[in-house]
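Q: What follows is entry.cif, made up of mmCIF, C-alpha atoms and all ligand atoms:
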data_query
#
loop_
_atom_site.label_atom_id
_atom_site.label_comp_id
_atom_site.auth_asym_id
_atom_site.auth_seq_id
_atom_site.Cartn_x
_atom_site.Cartn_y
_atom_site.Cartn_z
CA GLN J 425 -2.31 -46.88 44.36
CA GLN J 426 -1.16 -50.21 45.80
CA PHE J 427 0.24 -48.30 48.79
CA ALA J 428 -3.13 -46.59 49.35
CA ALA J 429 -4.96 -49.91 49.10
CA GLN J 430 -2.58 -51.44 51.65
CA THR J 431 -3.05 -48.44 53.97
CA GLU J 432 -6.78 -49.01 53.74
CA ARG J 433 -6.35 -52.69 54.65
CA ILE J 434 -4.07 -51.76 57.57
CA HIS J 435 -6.71 -49.39 58.93
CA ARG J 436 -9.48 -51.92 58.44
CA PHE J 437 -7.47 -54.49 60.44
CA LEU J 438 -6.42 -52.09 63.19
CA ASP J 439 -9.94 -50.72 63.64
CA GLN J 440 -11.13 -54.08 64.89
CA VAL J 441 -8.31 -54.64 67.42
CA THR J 442 -9.37 -53.49 70.89
CA LYS J 443 -5.89 -52.82 72.31
CA LYS J 444 -2.61 -52.34 70.48
CA LEU J 445 0.61 -52.37 72.48
CA ILE J 446 4.19 -51.98 71.34
CA VAL J 447 6.72 -53.37 73.82
CA MET J 448 9.83 -51.19 73.70
CA SER J 449 13.10 -50.83 75.55
CA GLY J 450 15.99 -48.41 75.51
CA LYS J 451 18.50 -51.25 75.60
CA GLY J 452 18.79 -54.82 74.38
CA GLY J 453 18.84 -57.68 76.84
CA VAL J 454 16.49 -56.18 79.42
CA GLY J 455 13.83 -58.82 78.76
CA LYS J 456 11.58 -56.95 76.31
CA SER J 457 10.85 -59.98 74.11
CA THR J 458 10.40 -62.20 77.16
CA VAL J 459 7.85 -59.74 78.58
CA ALA J 460 6.07 -59.42 75.21
CA ALA J 461 5.82 -63.21 74.81
CA ASN J 462 4.70 -63.75 78.40
CA LEU J 463 2.05 -61.02 78.22
CA ALA J 464 0.71 -62.48 74.98
CA VAL J 465 0.59 -66.04 76.31
CA THR J 466 -0.97 -64.98 79.63
CA LEU J 467 -3.68 -62.90 77.93
CA SER J 468 -4.44 -65.67 75.43
CA GLN J 469 -4.73 -68.19 78.26
CA GLN J 470 -7.36 -65.93 79.78
CA GLY J 471 -9.45 -66.34 76.64
CA TYR J 472 -8.54 -63.15 74.81
CA GLN J 473 -7.78 -63.37 71.08
CA VAL J 474 -4.19 -62.21 70.84
CA GLY J 475 -1.89 -61.42 67.93
CA LEU J 476 1.84 -61.30 68.65
CA LEU J 477 3.88 -59.50 66.00
CA ASP J 478 7.67 -59.49 66.10
CA VAL J 479 8.98 -56.48 64.19
CA ASP J 480 12.54 -56.97 65.41
CA VAL J 481 13.70 -57.54 61.84
CA HIS J 482 17.40 -58.10 62.63
CA GLY J 483 17.07 -60.01 65.90
CA PRO J 484 13.69 -61.71 66.12
CA SER J 485 13.35 -63.67 69.38
CA ILE J 486 9.66 -64.50 69.59
CA ALA J 487 9.85 -67.66 67.45
CA GLY J 488 12.60 -69.04 69.69
CA LEU J 489 10.79 -68.15 72.90
CA LEU J 490 7.64 -69.94 71.71
CA ASP J 491 9.38 -72.82 69.93
CA LEU J 492 8.13 -71.77 66.50
CA ASN J 493 11.49 -71.70 64.73
CA ASP J 494 10.65 -74.60 62.45
CA LEU J 495 7.22 -73.35 61.48
CA PRO J 496 7.06 -71.31 58.28
CA LEU J 497 4.61 -68.47 57.72
CA LEU J 498 2.34 -69.73 54.97
CA THR J 499 1.59 -67.32 52.17
CA ASP J 500 -0.40 -67.24 48.99
CA ARG J 501 -0.70 -64.51 46.37
CA GLU J 502 -3.05 -62.52 48.55
CA GLN J 503 -2.18 -63.06 52.18
CA ILE J 504 0.21 -64.18 54.88
CA TYR J 505 -1.19 -66.67 57.38
CA PRO J 506 -0.05 -66.32 61.01
CA ILE J 507 1.39 -69.24 62.93
CA GLU J 508 -1.21 -70.54 65.39
CA TYR J 509 0.55 -71.03 68.71
CA SER J 510 -2.83 -71.88 70.24
CA PRO J 511 -6.48 -71.29 69.28
CA THR J 512 -6.26 -67.84 70.91
CA LEU J 513 -2.69 -66.80 70.02
CA LYS J 514 -1.52 -66.02 66.49
CA VAL J 515 2.11 -65.16 65.85
CA VAL J 516 3.82 -63.39 62.96
CA THR J 517 7.59 -63.06 62.82
CA ILE J 518 10.10 -62.53 60.03
CA GLN J 519 11.73 -65.72 61.30
CA GLY J 520 8.85 -67.59 59.67
CA LEU J 521 9.96 -66.40 56.23
CA LEU J 522 13.57 -67.57 56.48
CA ASP J 523 14.89 -70.67 54.75
CA LYS J 524 17.24 -71.39 57.63
CA PRO J 525 16.67 -70.17 61.22
CA ASP J 526 20.19 -68.69 61.47
CA ASP J 527 19.99 -66.69 58.22
CA PRO J 528 20.48 -62.96 58.86
CA ILE J 529 18.14 -60.33 57.49
CA ILE J 530 20.16 -57.72 55.64
CA CYS J 531 18.06 -54.71 54.76
CA ARG J 532 17.71 -50.97 55.29
CA GLY J 533 14.90 -48.71 56.47
CA PRO J 534 12.60 -48.71 53.41
CA ALA J 535 12.58 -52.52 53.17
CA LYS J 536 11.78 -52.75 56.89
CA ILE J 537 8.90 -50.33 56.52
CA THR J 538 7.51 -52.38 53.61
CA MET J 539 7.82 -55.56 55.67
CA ILE J 540 6.05 -54.09 58.70
CA ARG J 541 3.24 -52.70 56.56
CA GLN J 542 2.78 -56.15 55.03
CA PHE J 543 2.61 -57.72 58.47
CA LEU J 544 -0.17 -55.31 59.37
CA GLY J 545 -2.10 -55.09 56.10
CA ASP J 546 -1.55 -58.42 54.36
CA VAL J 547 -1.88 -60.89 57.23
CA ASP J 548 -5.06 -62.86 57.88
CA TRP J 549 -5.12 -62.00 61.59
CA GLY J 550 -8.87 -62.40 62.11
CA PRO J 551 -10.53 -60.39 64.90
CA LEU J 552 -8.19 -59.63 67.83
CA ASP J 553 -8.67 -58.28 71.34
CA PHE J 554 -4.94 -57.55 71.65
CA LEU J 555 -2.13 -56.93 69.20
CA ILE J 556 1.20 -57.10 71.01
CA ILE J 557 4.17 -55.87 69.01
CA ASP J 558 7.73 -56.73 70.00
CA SER J 559 10.07 -54.09 68.61
CA PRO J 560 13.87 -53.96 68.60
CA PRO J 561 15.55 -51.91 71.35
CA GLY J 562 16.06 -48.21 70.80
CA THR J 563 14.29 -45.67 68.69
CA GLY J 564 14.94 -46.72 65.09
CA ASP J 565 12.90 -47.51 61.99
CA GLU J 566 10.74 -50.21 63.50
CA PRO J 567 9.19 -48.37 66.48
CA LEU J 568 8.94 -45.26 64.31
CA THR J 569 7.03 -47.16 61.61
CA ILE J 570 4.70 -48.62 64.24
CA ALA J 571 4.13 -45.20 65.82
CA GLN J 572 3.27 -43.71 62.43
CA THR J 573 1.19 -46.62 61.15
CA VAL J 574 -0.62 -48.20 64.10
CA THR J 575 -3.29 -45.71 65.09
CA GLY J 576 -4.29 -46.06 68.72
CA CYS J 577 -1.11 -47.94 69.69
CA GLN J 578 0.32 -47.51 73.19
CA ALA J 579 3.89 -48.16 74.30
CA VAL J 580 4.91 -50.45 77.15
CA ILE J 581 8.50 -49.67 78.10
CA VAL J 582 10.58 -52.41 79.70
CA THR J 583 13.68 -51.61 81.71
CA THR J 584 16.00 -53.14 84.25
CA PRO J 585 16.64 -51.20 87.47
CA GLN J 586 20.18 -49.91 86.88
CA GLU J 587 20.85 -46.27 86.00
CA ILE J 588 22.57 -47.22 82.73
CA ALA J 589 19.35 -48.84 81.50
CA LEU J 590 17.18 -46.06 82.89
CA ALA J 591 19.13 -43.41 80.97
CA ASP J 592 18.05 -45.15 77.76
CA VAL J 593 14.47 -45.43 79.00
CA ARG J 594 14.34 -41.66 79.28
CA LYS J 595 15.28 -41.55 75.59
CA SER J 596 12.47 -43.97 74.78
CA ILE J 597 10.04 -41.77 76.71
CA GLN J 598 11.17 -38.68 74.78
CA PHE J 599 10.89 -40.64 71.52
CA CYS J 600 7.28 -41.58 72.30
CA ARG J 601 6.44 -37.99 73.14
CA LYS J 602 8.03 -36.68 69.94
CA VAL J 603 6.14 -39.12 67.72
CA ASN J 604 2.87 -38.82 69.71
CA LEU J 605 2.88 -42.44 70.83
CA PRO J 606 0.98 -42.64 74.15
CA ILE J 607 2.78 -44.59 76.89
CA ALA J 608 0.75 -47.22 78.78
CA GLY J 609 3.51 -47.42 81.38
CA ILE J 610 6.86 -48.79 82.48
CA ILE J 611 7.74 -52.33 83.59
CA GLU J 612 10.82 -53.01 85.72
CA ASN J 613 12.20 -56.43 84.80
CA MET J 614 14.95 -58.35 86.63
CA SER J 615 13.84 -56.51 89.73
CA GLY J 616 15.30 -58.43 92.66
CA PHE J 617 15.86 -62.15 93.09
CA VAL J 618 13.83 -64.23 95.50
CA CYS J 619 15.97 -67.15 96.71
CA PRO J 620 14.00 -70.35 96.04
CA THR J 621 15.64 -72.04 99.04
CA CYS J 622 15.39 -69.47 101.81
CA GLY J 623 12.81 -67.07 100.32
CA SER J 624 14.92 -63.97 101.03
CA ARG J 625 15.05 -61.21 98.45
CA HIS J 626 18.25 -59.87 96.89
CA ASP J 627 18.31 -56.76 94.71
CA ILE J 628 21.04 -57.89 92.32
CA PHE J 629 20.59 -55.02 89.85
CA LYS J 630 19.15 -52.70 92.53
CA SER J 631 15.40 -52.13 92.38
CA GLY J 632 12.90 -49.30 92.26
CA GLY J 633 14.59 -47.37 89.43
CA GLY J 634 11.78 -48.11 86.99
CA GLU J 635 9.15 -46.87 89.41
CA LYS J 636 11.12 -43.68 90.15
CA THR J 637 11.64 -43.02 86.45
CA ALA J 638 7.92 -43.52 85.80
CA ALA J 639 7.05 -41.12 88.63
CA ALA J 640 9.54 -38.50 87.43
CA ALA J 641 8.04 -38.66 83.93
CA GLY J 642 4.45 -38.66 85.22
CA LEU J 643 3.81 -42.13 83.75
CA PRO J 644 2.06 -45.19 85.18
CA PHE J 645 4.33 -47.83 86.71
CA LEU J 646 2.85 -51.14 85.59
CA GLY J 647 4.85 -53.36 87.91
CA ARG J 648 7.98 -55.43 88.28
CA LEU J 649 9.15 -58.94 87.45
CA PRO J 650 11.83 -60.66 89.52
CA ILE J 651 14.97 -62.33 88.21
CA ASP J 652 13.79 -65.88 87.72
CA PRO J 653 16.15 -68.56 86.38
CA ALA J 654 13.03 -70.43 85.19
CA ILE J 655 12.39 -67.59 82.70
CA VAL J 656 15.69 -68.41 81.00
CA THR J 657 15.01 -72.16 80.99
CA ALA J 658 11.46 -71.67 79.74
CA GLY J 659 12.56 -69.19 77.05
CA ASP J 660 15.49 -71.31 75.88
CA SER J 661 13.28 -74.37 75.54
CA GLY J 662 10.52 -72.46 73.73
CA LYS J 663 8.04 -72.92 76.54
CA ALA J 664 7.55 -69.21 77.36
CA ILE J 665 5.84 -69.27 80.73
CA ALA J 666 6.21 -72.88 81.82
CA GLY J 667 7.48 -73.51 85.34
CA LEU J 668 7.91 -69.90 86.46
CA HIS J 669 8.48 -69.10 90.14
CA ASN J 670 5.23 -68.34 92.01
CA GLN J 671 6.36 -64.78 92.59
CA THR J 672 6.96 -64.33 88.83
CA GLN J 673 3.51 -65.68 88.03
CA THR J 674 1.88 -63.36 90.57
CA ASP J 675 3.82 -60.38 89.25
CA MET J 676 2.97 -61.27 85.64
CA GLN J 677 -0.72 -61.47 86.53
CA HIS J 678 -0.44 -58.06 88.19
CA LEU J 679 1.04 -56.63 84.96
CA VAL J 680 -1.78 -58.10 82.91
CA ASP J 681 -4.38 -56.68 85.35
CA GLN J 682 -2.79 -53.24 85.02
CA LEU J 683 -2.93 -53.43 81.23
CA LEU J 684 -6.56 -54.58 81.29
CA GLN J 685 -7.66 -51.54 83.30
P1 LIG K 1 15.46 -58.21 75.01
O1 LIG K 1 14.23 -58.54 74.19
O2 LIG K 1 15.26 -56.98 75.84
O3 LIG K 1 16.71 -58.15 74.22
P2 LIG K 1 15.18 -60.90 76.07
O4 LIG K 1 13.71 -60.99 76.36
O5 LIG K 1 15.69 -61.56 74.83
O6 LIG K 1 15.65 -59.37 76.08
O7 LIG K 1 15.93 -61.43 77.37
C1 LIG K 1 17.34 -61.50 77.42
C2 LIG K 1 17.75 -62.68 78.31
O8 LIG K 1 17.38 -62.41 79.66
C3 LIG K 1 17.05 -63.99 77.94
O9 LIG K 1 17.95 -65.04 78.09
C4 LIG K 1 15.92 -64.11 78.96
O10 LIG K 1 15.58 -65.46 79.23
C5 LIG K 1 16.55 -63.45 80.17
N1 LIG K 1 15.54 -62.84 81.05
C6 LIG K 1 14.59 -61.94 80.72
N2 LIG K 1 13.85 -61.59 81.80
C7 LIG K 1 14.35 -62.32 82.84
C8 LIG K 1 14.01 -62.43 84.24
N3 LIG K 1 13.02 -61.72 84.79
N4 LIG K 1 14.74 -63.29 84.99
C9 LIG K 1 15.76 -64.01 84.45
N5 LIG K 1 16.12 -63.95 83.16
C10 LIG K 1 15.43 -63.11 82.37
#
Please, can you express the file's structure as structure tokens?
A:
Amino acid sequence: QQFAAQTERIHRFLDQVTKKLIVMSGKGGVGKSTVAANLAVTLSQQGYQVGLLDVDVHGPSIAGLLDLNDLPLLTDREQIYPIEYSPTLKVVTIQGLLDKPDDPIICRGPAKITMIRQFLGDVDWGPLDFLIIDSPPGTGDEPLTIAQTVTGCQAVIVTTPQEIALADVRKSIQFCRKVNLPIAGIIENMSGFVCPTCGSRHDIFKSGGGEKTAAAAGLPFLGRLPIDPAIVTAGDSGKAIAGLHNQTQTDMQHLVDQLLQ
């Protein structure tokens, strides 16, 4: 009965979110969390009400990227209260429930499913235009739970250009198709490096693989983001999108425009 009541609350919450996106990747380290955080911050800066939910139970990165590691998620008997990054961006991450930031989360599938359902049904999110969900890499419990619970969700798949990453993207695409999770499109991250001194472009990890994979699968290609050392500095200092290269900012805006269409 409690489960049914929670399901009801989850549906009530999700019904009033205009767009629900899960950011996925076949592999770790391709920049999925960075893209999720940057999309959320960019959309919220444009005045949209955004919720950013980190369901990467074992390796949550969002709190670090947005400098929220020391902020706990407040709870009472009824609800969990999101961390307010800004008036238009609310964040929920398991990191906010840890006593110490470096504590590991040791749990199996059923506990993860319970946690994710709580984050959807028991959080005071308020009305949202966007819910952006950062999931762990691969096709495990977390993306599966989202696919089965978040009605109307669409996947954004992040990859880097090399074949070894693209092989895993094809698995992610097949996963989405098997669980009936529509795919909004593919983003190619770390796509070329524009030298800040001379302006010339170097394709360090090759480029174009994401676009080709999207075309081969009949999926939209949402755009690319260059390798930008400022992304690392900004992420490591919890400042998300501060100080990014002009090209990165332009490309990020292009991604947001694609998603708003
Ligand atoms: P994932 O979520 O896929 O595991 P992260 O978002 O944690 O990946 O990114 C992994 C590392 O790569 C981080 O240090 C991040 O700052 C860096 N990174 C991500 N995207 C870029 C980029 N476009 N240019 C440079 N570094 C990047």
Q: Excluding J:Thr517 and its own-chain neighbours fewer than 5 positions away, which residues fall within 9 Å of it when counting only C-alpha atoms? Please give them as a short mmCIF file (atom, residue, chain, number, x, y, z; two decimals) with C-alpha atoms, in the frame of the given file.
A:
data_model
loop_
_atom_site.label_atom_id
_atom_site.label_comp_id
_atom_site.auth_asym_id
_atom_site.auth_seq_id
_atom_site.Cartn_x
_atom_site.Cartn_y
_atom_site.Cartn_z
CA LEU J 476 1.84 -61.30 68.65
CA LEU J 477 3.88 -59.50 66.00
CA ASP J 478 7.67 -59.49 66.10
CA VAL J 479 8.98 -56.48 64.19
CA ASP J 480 12.54 -56.97 65.41
CA VAL J 481 13.70 -57.54 61.84
CA PRO J 484 13.69 -61.71 66.12
CA SER J 485 13.35 -63.67 69.38
CA ILE J 486 9.66 -64.50 69.59
CA ALA J 487 9.85 -67.66 67.45
CA LEU J 497 4.61 -68.47 57.72
CA PRO J 506 -0.05 -66.32 61.01
CA ILE J 507 1.39 -69.24 62.93
CA PHE J 543 2.61 -57.72 58.47
#
Q: May I have the residues within 10 Å of ligand LIG 1 (chain K), computed using only C-alpha atoms and all ligand atoms, as a ChimeraX atom specification?
A: /J:447-462,480,483-486,488-489,558-561,582-584,612-617,648-661,664,668-669,672
Q: Have a look at atom CA of J:Cys577 and atom CA of J:Ser468 and let me know their distance in Å, one decimal.
A: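 So the two atoms, atom CA of J:Cys577 and atom CA of J:Ser468, lie 18.9 Å apart.
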Q: From the list J:Gln598, J:Thr637, J:Gln542, J:Thr466, which residue is nearest J:Asp675 when using only C-alpha atoms?
A: J:Thr466
Q: Would you work out the distance separating atom CA of J:Gly520 from atom CA of J:Gln425, expressed in Å to one decimal?
A: 28.1 Å
Q: Quick one: pull the distance between atom CA of J:Gly533 and atom CA of J:Ser596, Å, one decimal.
A: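 Between atom CA of J:Gly533 and atom CA of J:Ser596 the gap works out to 19.1 Å.
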Q: Which polymer residues have any atom within 9 Å of an atom of J:Pro551, counting all atoms listed in the file, with same-chain residues fewer than 2 positions away left out, as a ChimeraX atom specification?
A: /J:437,440-441,473-474,549,553
Q: I need the residue nearest J:Lys444 from this list: J:Phe554, J:Phe427, J:Tyr472, J:Tyr509. Use all atoms listed in the file for the distance.
A: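 Result for the nearest residue to J:Lys444: J:Phe554.
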Q: List the neighbours of J:Ile530 out to 10 Å using only C-alpha atoms; skip same-chain residues closer than 3 positions along the sequence, and give me the result as a count of residues only.
A: 5
Q: Using all atoms listed in the file, list the residues that have an atom at most 10 Å from (18.2, -53.7, 94.5), coordinates as in the file, as a short mmCIF file (atom, residue, chain, number, x, y, z; two decimals) with C-alpha atoms, in the frame of the given file.
A:
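Here's the written file selection.cif:
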data_model
loop_
_atom_site.label_atom_id
_atom_site.label_comp_id
_atom_site.auth_asym_id
_atom_site.auth_seq_id
_atom_site.Cartn_x
_atom_site.Cartn_y
_atom_site.Cartn_z
CA PRO J 585 16.64 -51.20 87.47
CA GLN J 586 20.18 -49.91 86.88
CA MET J 614 14.95 -58.35 86.63
CA SER J 615 13.84 -56.51 89.73
CA GLY J 616 15.30 -58.43 92.66
CA PHE J 617 15.86 -62.15 93.09
CA ARG J 625 15.05 -61.21 98.45
CA HIS J 626 18.25 -59.87 96.89
CA ASP J 627 18.31 -56.76 94.71
CA ILE J 628 21.04 -57.89 92.32
CA PHE J 629 20.59 -55.02 89.85
CA LYS J 630 19.15 -52.70 92.53
CA SER J 631 15.40 -52.13 92.38
CA GLY J 632 12.90 -49.30 92.26
CA GLY J 633 14.59 -47.37 89.43
#
Q: Applying 12 Å and all atoms listed in the file, which residues near J:Leu643 remain after dropping the ones on its own chain fewer than 2 positions away? List them as a list in words.
A: Ala579, Val580, Ile581, Arg594, Ile597, Cys600, Arg601, Pro606, Ile607, Ala608, Gly609, Ile610, Ile611, Gly634, Glu635, Lys636, Thr637, Ala638, Ala639, Ala640, Ala641, Phe645 and Leu646 of chain J
Q: Could you give me, as a VMD selection string, the residues that sit within 12 Å of (-3.4, -48.1, 53.3) in the file's coordinates, counting only C-alpha atoms?
A: chain J and resid 425 to 438 538 541 to 542 544 to 546 573 to 574
Q: What does the file look like for those residues with C-alpha atoms, as a short mmCIF file (atom, residue, chain, number, x, y, z; two decimals), in the frame of the given file?
A:
data_model
loop_
_atom_site.label_atom_id
_atom_site.label_comp_id
_atom_site.auth_asym_id
_atom_site.auth_seq_id
_atom_site.Cartn_x
_atom_site.Cartn_y
_atom_site.Cartn_z
CA GLN J 425 -2.31 -46.88 44.36
CA GLN J 426 -1.16 -50.21 45.80
CA PHE J 427 0.24 -48.30 48.79
CA ALA J 428 -3.13 -46.59 49.35
CA ALA J 429 -4.96 -49.91 49.10
CA GLN J 430 -2.58 -51.44 51.65
CA THR J 431 -3.05 -48.44 53.97
CA GLU J 432 -6.78 -49.01 53.74
CA ARG J 433 -6.35 -52.69 54.65
CA ILE J 434 -4.07 -51.76 57.57
CA HIS J 435 -6.71 -49.39 58.93
CA ARG J 436 -9.48 -51.92 58.44
CA PHE J 437 -7.47 -54.49 60.44
CA LEU J 438 -6.42 -52.09 63.19
CA THR J 538 7.51 -52.38 53.61
CA ARG J 541 3.24 -52.70 56.56
CA GLN J 542 2.78 -56.15 55.03
CA LEU J 544 -0.17 -55.31 59.37
CA GLY J 545 -2.10 -55.09 56.10
CA ASP J 546 -1.55 -58.42 54.36
CA THR J 573 1.19 -46.62 61.15
CA VAL J 574 -0.62 -48.20 64.10
#
Q: Using all atoms listed in the file for the distances, tell me which of J:Glu508, J:Leu555, J:Arg501, J:Pro620 is nearest to J:Asp439.
A: J:Leu555
Q: Using all atoms listed in the file, which of J:Pro567, J:Gly471, J:Pro644, J:Gly623 sits nearest J:Asn604?
A: J:Pro567
Q: Name the closest residue to J:Gln671 among the candidates J:Asp491, J:Arg532, J:Cys619, J:Ile540; distances are taken between atoms, counting only C-alpha atoms.
A: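 Closest residue, counting only C-alpha atoms: J:Cys619.
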